[in-house]
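> work.txt is reproduced below (compact mmCIF, C-alpha atoms).
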```txt
# COMPACT_ATOMS: atom_id res chain seq x y z
CA PHE T 750 149.93 6.41 42.73
CA THR T 751 150.59 4.29 45.77
CA PRO T 752 152.15 6.37 48.56
CA GLY T 753 155.55 5.31 49.84
CA ALA T 754 156.68 5.18 53.46
CA LEU T 755 157.64 8.44 55.16
CA GLN T 756 161.30 9.23 55.79
CA VAL T 757 162.07 11.86 58.42
CA THR T 758 164.68 14.29 57.06
CA GLY T 759 164.63 17.01 59.71
CA ASN T 760 164.62 19.64 56.94
CA PRO T 761 161.58 21.87 57.62
CA LEU T 762 161.19 22.55 53.88
CA ASP T 763 160.69 18.85 53.09
CA MET T 764 156.99 17.96 53.00
CA ALA T 765 155.37 14.58 52.48
CA ILE T 766 151.73 14.21 51.52
CA GLU T 767 150.02 11.61 53.71
CA GLY T 768 147.13 10.52 51.51
CA ASP T 769 145.84 11.83 48.18
CA GLY T 770 147.11 14.97 46.54
CA PHE T 771 149.76 16.74 44.52
CA PHE T 772 151.67 19.98 44.93
CA LYS T 773 150.97 22.54 42.21
CA VAL T 774 154.09 24.13 40.64
CA LEU T 775 154.63 26.82 38.03
CA MET T 776 156.74 25.86 35.02
CA PRO T 777 159.11 28.31 33.24
CA ASP T 778 156.69 28.61 30.29
CA GLY T 779 153.90 29.74 32.63
CA SER T 780 152.03 26.44 32.56
CA VAL T 781 151.18 24.43 35.67
CA ALA T 782 152.50 20.98 36.59
CA TYR T 783 151.83 18.68 39.53
CA THR T 784 154.16 16.64 41.72
CA ARG T 785 154.21 14.57 44.90
CA ASP T 786 157.91 15.35 45.36
CA GLY T 787 157.97 17.51 48.49
CA SER T 788 161.71 18.22 48.51
CA PHE T 789 161.57 22.02 48.56
CA LYS T 790 164.21 24.71 48.99
CA LEU T 791 164.38 28.50 48.89
CA ASP T 792 165.51 30.33 45.77
CA SER T 793 167.42 33.63 45.76
CA GLN T 794 164.15 35.55 46.16
CA GLY T 795 163.06 33.50 49.19
CA ARG T 796 160.39 31.61 47.23
CA LEU T 797 159.58 28.01 48.06
CA VAL T 798 160.68 26.02 44.98
CA THR T 799 161.13 22.38 43.97
CA SER T 800 164.60 20.83 43.81
CA MET T 801 164.58 21.80 40.09
CA GLY T 802 163.72 25.44 40.91
CA TYR T 803 160.01 25.48 39.96
CA PRO T 804 158.02 27.73 42.34
CA LEU T 805 155.18 26.34 44.39
CA GLU T 806 151.77 27.70 43.40
CA PRO T 807 150.37 29.69 45.16
CA GLU T 808 153.71 31.38 45.75
CA ILE T 809 155.13 31.32 49.27
CA ILE T 810 157.97 33.70 50.13
CA ILE T 811 160.04 33.19 53.27
CA PRO T 812 161.56 36.43 54.65
CA PRO T 813 165.37 36.50 55.05
CA ASP T 814 165.38 37.06 58.85
CA VAL T 815 163.69 33.74 59.69
CA GLN T 816 164.96 31.69 62.58
CA GLU T 817 162.51 28.78 62.25
CA ILE T 818 160.03 27.52 59.63
CA LEU T 819 157.01 25.47 60.72
CA VAL T 820 154.73 23.50 58.39
CA GLY T 821 151.32 22.56 59.75
CA ARG T 822 149.49 19.39 58.74
CA ASP T 823 146.90 21.69 57.15
CA GLY T 824 149.54 23.34 54.94
CA THR T 825 149.90 26.47 57.06
CA ILE T 826 153.42 27.92 56.82
CA SER T 827 154.49 29.79 59.95
CA ILE T 828 157.81 31.39 60.80
CA ARG T 829 159.64 32.55 63.87
CA ARG T 830 161.82 35.57 63.23
CA GLY T 831 165.11 36.09 65.00
CA GLY T 832 164.62 37.68 68.42
CA GLN T 833 160.86 36.96 68.56
CA SER T 834 159.14 34.35 70.67
CA GLY T 835 155.84 34.18 68.75
CA VAL T 836 155.15 32.64 65.36
CA GLU T 837 153.75 34.44 62.35
CA GLU T 838 151.62 32.74 59.68
CA ILE T 839 152.89 33.70 56.21
CA GLY T 840 151.09 31.39 53.81
CA GLN T 841 149.04 28.32 53.05
CA ILE T 842 150.09 25.44 50.83
CA THR T 843 147.27 24.02 48.78
CA LEU T 844 147.07 20.54 47.32
CA VAL T 845 145.31 19.26 44.23
CA ARG T 846 143.67 15.91 43.61
CA PHE T 847 142.24 14.30 40.49
CA VAL T 848 139.32 11.99 39.85
CA ASN T 849 141.72 9.72 37.92
CA PRO T 850 145.37 10.41 38.84
CA ALA T 851 146.46 7.50 36.60
CA GLY T 852 145.28 9.63 33.66
CA LEU T 853 147.89 12.35 34.29
CA SER T 854 150.59 12.78 31.64
CA ARG T 855 154.13 12.25 32.93
CA ILE T 856 156.53 14.97 31.75
CA GLY T 857 159.59 13.77 33.69
CA LEU T 858 161.39 14.85 36.87
CA ASN T 859 158.41 13.66 38.99
CA LEU T 860 156.14 16.16 37.20
CA TYR T 861 152.73 15.57 35.64
CA ARG T 862 150.24 17.51 33.52
CA VAL T 863 146.46 17.38 33.35
CA THR T 864 144.82 15.38 30.56
CA PRO T 865 141.17 14.79 29.72
CA ALA T 866 141.61 11.29 31.24
CA SER T 867 142.76 12.68 34.62
CA GLY T 868 139.89 15.12 34.94
CA GLU T 869 140.17 18.70 36.11
CA PRO T 870 142.19 19.45 39.28
CA ILE T 871 140.27 19.75 42.55
CA GLU T 872 142.18 22.19 44.75
CA GLY T 873 141.97 22.71 48.49
CA ALA T 874 143.77 22.89 51.81
CA PRO T 875 145.47 19.71 53.04
CA GLY T 876 143.13 17.58 55.14
CA THR T 877 139.98 18.86 53.38
CA ASN T 878 137.92 17.71 50.41
CA GLY T 879 139.55 14.25 50.26
CA LEU T 880 143.10 15.65 50.24
CA GLY T 881 145.89 14.22 52.37
CA GLU T 882 147.69 16.08 55.15
CA LEU T 883 151.26 17.37 55.11
CA SER T 884 154.07 16.00 57.22
CA GLY T 885 156.76 18.67 57.55
CA GLY T 886 160.38 17.54 57.84
CA SER T 887 159.61 14.30 55.98
CA LEU T 888 159.73 12.97 52.44
CA GLU T 889 157.80 10.16 50.79
CA ALA T 890 160.15 7.27 50.04
CA SER T 891 159.99 5.30 46.82
CA ASN T 892 157.24 2.70 46.74
CA VAL T 893 159.12 0.47 44.28
CA GLN T 894 159.69 -3.07 45.56
CA ILE T 895 163.19 -3.73 44.22
CA VAL T 896 163.13 -7.53 44.67
CA GLU T 897 159.74 -7.88 42.95
CA GLU T 898 160.84 -5.68 40.06
CA MET T 899 164.09 -7.65 39.63
CA VAL T 900 162.11 -10.92 39.55
CA ARG T 901 159.81 -9.44 36.88
CA LEU T 902 162.82 -8.25 34.89
CA ILE T 903 164.44 -11.70 35.00
CA MET T 904 161.15 -13.35 33.96
CA ALA T 905 160.80 -10.93 31.04
CA GLN T 906 164.39 -11.58 30.00
CA ARG T 907 163.86 -15.36 30.04
CA ALA T 908 160.62 -15.04 28.05
CA TYR T 909 162.49 -12.94 25.49
CA GLU T 910 165.26 -15.55 25.22
CA VAL T 911 162.72 -18.38 24.75
CA ASN T 912 160.88 -16.43 22.05
CA SER T 913 164.16 -15.56 20.35
CA ARG T 914 165.17 -19.25 20.28
CA ALA T 915 161.74 -20.23 18.91
CA ILE T 916 162.10 -17.74 16.06
CA GLN T 917 165.64 -18.95 15.36
CA THR T 918 164.43 -22.59 15.29
CA ALA T 919 161.56 -21.67 12.96
CA ASP T 920 164.03 -19.94 10.63
CA GLU T 921 166.27 -23.03 10.63
CA MET T 922 163.29 -25.29 9.89
CA LEU T 923 162.26 -23.08 6.97
CA ALA T 924 165.80 -23.20 5.62
CA VAL T 925 165.82 -27.03 5.83
CA ALA T 926 162.39 -27.22 4.17
CA LYS T 927 163.61 -24.92 1.43
CA ASP T 928 166.69 -27.11 0.86
CA LEU T 929 164.53 -30.28 0.70
CA LYS T 930 162.35 -28.68 -1.95
CA ARG T 931 165.33 -28.26 -4.29
```
Please express the file's structure as structure tokens.


Amino acid sequence: FTPGALQVTGNPLDMAIEGDGFFKVLMPDGSVAYTRDGSFKLDSQGRLVTSMGYPLEPEIIIPPDVQEILVGRDGTISIRRGGQSGVEEIGQITLVRFVNPAGLSRIGLNLYRVTPASGEPIEGAPGTNGLGELSGGSLEASNVQIVEEMVRLIMAQRAYEVNSRAIQTADEMLAVAKDLKR
């Protein structure tokens, strides 16, 4: 898991993790999954959910009369209600890290599950216990290097073609040898 560059979105519900960590989300079957995808939105109940509608765990509910949402680097969620000048803290986002994140099992849609190879989740507030900090109003961009991946794809395609020709030539040689034997 190599972090990608940060992209500023201006959406206060978008959160990028700067450093190690995963968001913990609740799946429809009651199980827990983990993601680095910080593109959040509010559902009809005011809960902070992923773009696929999975609620963040622990649950954070944003009241309907909110004028402004603020996300602290430490995961603190604060709001400013309409007509008020002060801010009110309403929740704390926690992050989770793993001894071996490469051991997580990918379940699709940027979601992962714990496996014995990943180790048990270590949960805490952003910026503590080896966890990264949050950057509100930003998302982590893809870390895929398109040009490098295209070069690798072309190399793999050429290797496949060479191997395919070698097999075809071997088949032709066997056919000739078989004909000579007769």

> When you count all atoms listed in the file, which of these residues is closest to T:Gly787: T:Ile818, T:Val845, T:Leu888, T:Ile856?

T:Leu888

> Tell me, as a list in words, which residues lie within 8 Å of stretch 755-767 of chain T, counting all atoms listed in the file; anything in the same chain fewer than 6 positions away does not count.

Arg785, Asp786, Gly787, Ser788, Phe789, Lys790, Ile818, Leu819, Val820, Gly881, Glu882, Leu883, Ser884, Gly885, Gly886, Ser887, Leu888, Glu889 and Ala890 of chain T

> So, counting all atoms listed in the file, which residue among T:Asn892, T:Pro752, T:Gly770, T:Asn912 is closest to T:Val848?

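Going through T:Asn892, T:Pro752, T:Gly770, T:Asn912 one by one, the smallest distance to T:Val848 is for T:Gly770.
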
> I'd like a table as a tab-separated table: residues in stretch 823-858 of chain T with an atom no more than 8 Å from stretch 794-816 of chain T, each row giving the shortest atom pair and its distance in Å to one decimal, all atoms listed in the file counted, sorted by chain and rising residue number.


```
residue	atom	partner	partner_atom	distance
T:Ile828	CA	T:Val815	CA	6.4
T:Arg829	CA	T:Gln816	CA	5.5
T:Arg830	CA	T:Val815	CA	4.4
T:Gly831	CA	T:Gln816	CA	5.0
T:Ile839	CA	T:Ile809	CA	7.7
T:Gly840	CA	T:Ile809	CA	6.1
T:Gln841	CA	T:Ile809	CA	7.8
T:Ile842	CA	T:Pro807	CA	7.1
T:Thr843	CA	T:Pro807	CA	7.4
```

> Just give me the gap between atom CA of T:Asp769 and atom CA of T:Leu880 in Å, one decimal is fine.

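Value for the atom CA of T:Asp769-atom CA of T:Leu880 distance: 5.1 Å.
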
> Pull N, CA and C atoms for stretch 849-886 of chain T from the block and write them as a short mmCIF file (atom, residue, chain, number, x, y, z; two decimals), in the first residue's frame.


```
data_model
loop_
_atom_site.label_atom_id
_atom_site.label_comp_id
_atom_site.auth_asym_id
_atom_site.auth_seq_id
_atom_site.Cartn_x
_atom_site.Cartn_y
_atom_site.Cartn_z
N ASN T 849 0.89 -6.30 8.86
CA ASN T 849 1.19 -6.66 7.47
C ASN T 849 -0.01 -6.33 6.58
N PRO T 850 -0.13 -5.06 6.14
CA PRO T 850 -1.29 -4.71 5.30
C PRO T 850 -1.36 -5.49 3.99
N ALA T 851 -0.21 -5.97 3.49
CA ALA T 851 -0.22 -6.76 2.26
C ALA T 851 -0.96 -8.08 2.45
N GLY T 852 -1.15 -8.51 3.70
CA GLY T 852 -1.85 -9.75 3.99
C GLY T 852 -3.36 -9.62 4.02
N LEU T 853 -3.89 -8.39 3.86
CA LEU T 853 -5.34 -8.20 3.84
C LEU T 853 -5.95 -8.88 2.61
N SER T 854 -7.18 -9.31 2.73
CA SER T 854 -7.89 -9.95 1.62
C SER T 854 -8.76 -8.90 0.92
N ARG T 855 -8.51 -8.73 -0.38
CA ARG T 855 -9.28 -7.75 -1.17
C ARG T 855 -10.66 -8.32 -1.47
N ILE T 856 -11.71 -7.54 -1.16
CA ILE T 856 -13.07 -8.01 -1.46
C ILE T 856 -13.73 -7.17 -2.55
N GLY T 857 -12.99 -6.21 -3.12
CA GLY T 857 -13.51 -5.38 -4.20
C GLY T 857 -13.99 -4.04 -3.70
N LEU T 858 -14.17 -3.10 -4.62
CA LEU T 858 -14.66 -1.75 -4.32
C LEU T 858 -13.77 -1.04 -3.30
N ASN T 859 -12.46 -1.25 -3.38
CA ASN T 859 -11.48 -0.65 -2.46
C ASN T 859 -11.67 -1.11 -1.03
N LEU T 860 -12.24 -2.28 -0.82
CA LEU T 860 -12.49 -2.81 0.53
C LEU T 860 -11.64 -4.05 0.78
N TYR T 861 -11.23 -4.20 2.05
CA TYR T 861 -10.38 -5.31 2.46
C TYR T 861 -10.90 -5.92 3.75
N ARG T 862 -10.55 -7.19 3.96
CA ARG T 862 -10.90 -7.90 5.20
C ARG T 862 -9.61 -8.40 5.86
N VAL T 863 -9.71 -8.61 7.17
CA VAL T 863 -8.59 -9.13 7.95
C VAL T 863 -8.37 -10.60 7.61
N THR T 864 -7.10 -11.01 7.58
CA THR T 864 -6.73 -12.41 7.43
C THR T 864 -5.68 -12.72 8.50
N PRO T 865 -5.40 -13.97 8.74
CA PRO T 865 -4.31 -14.28 9.67
C PRO T 865 -2.98 -13.66 9.23
N ALA T 866 -2.77 -13.54 7.90
CA ALA T 866 -1.52 -12.97 7.39
C ALA T 866 -1.40 -11.47 7.67
N SER T 867 -2.52 -10.76 7.75
CA SER T 867 -2.48 -9.31 7.98
C SER T 867 -2.25 -8.99 9.45
N GLY T 868 -2.64 -9.90 10.32
CA GLY T 868 -2.59 -9.63 11.75
C GLY T 868 -3.87 -8.93 12.18
N GLU T 869 -4.05 -8.81 13.47
CA GLU T 869 -5.24 -8.16 14.00
C GLU T 869 -5.15 -6.64 13.83
N PRO T 870 -6.29 -5.96 13.66
CA PRO T 870 -6.27 -4.50 13.50
C PRO T 870 -5.82 -3.80 14.78
N ILE T 871 -5.05 -2.74 14.60
CA ILE T 871 -4.60 -1.89 15.70
C ILE T 871 -5.29 -0.55 15.50
N GLU T 872 -6.23 -0.23 16.37
CA GLU T 872 -7.10 0.94 16.18
C GLU T 872 -6.65 2.10 17.06
N GLY T 873 -6.83 3.31 16.54
CA GLY T 873 -6.50 4.49 17.32
C GLY T 873 -6.88 5.76 16.59
N ALA T 874 -6.64 6.88 17.24
CA ALA T 874 -6.92 8.19 16.64
C ALA T 874 -5.84 8.51 15.62
N PRO T 875 -6.20 9.20 14.54
CA PRO T 875 -5.20 9.60 13.56
C PRO T 875 -4.07 10.39 14.23
N GLY T 876 -2.84 10.10 13.80
CA GLY T 876 -1.67 10.79 14.35
C GLY T 876 -1.11 10.13 15.59
N THR T 877 -1.71 9.03 16.05
CA THR T 877 -1.21 8.33 17.23
C THR T 877 -0.89 6.88 16.88
N ASN T 878 -0.05 6.25 17.65
CA ASN T 878 0.20 4.82 17.55
C ASN T 878 0.62 4.38 16.14
N GLY T 879 1.41 5.21 15.44
CA GLY T 879 1.87 4.87 14.10
C GLY T 879 0.86 5.09 13.00
N LEU T 880 -0.28 5.70 13.32
CA LEU T 880 -1.31 5.96 12.31
C LEU T 880 -1.08 7.31 11.64
N GLY T 881 -1.49 7.42 10.38
CA GLY T 881 -1.37 8.68 9.66
C GLY T 881 -2.38 9.70 10.16
N GLU T 882 -2.27 10.90 9.63
CA GLU T 882 -3.21 11.98 9.96
C GLU T 882 -4.19 12.14 8.81
N LEU T 883 -5.32 12.80 9.10
CA LEU T 883 -6.33 13.04 8.07
C LEU T 883 -6.15 14.41 7.45
N SER T 884 -6.43 14.48 6.17
CA SER T 884 -6.44 15.75 5.45
C SER T 884 -7.86 15.93 4.90
N GLY T 885 -8.65 16.77 5.58
CA GLY T 885 -10.02 17.02 5.16
C GLY T 885 -10.07 17.79 3.85
N GLY T 886 -11.08 17.53 3.04
CA GLY T 886 -11.23 18.23 1.77
C GLY T 886 -10.26 17.74 0.71
#
```
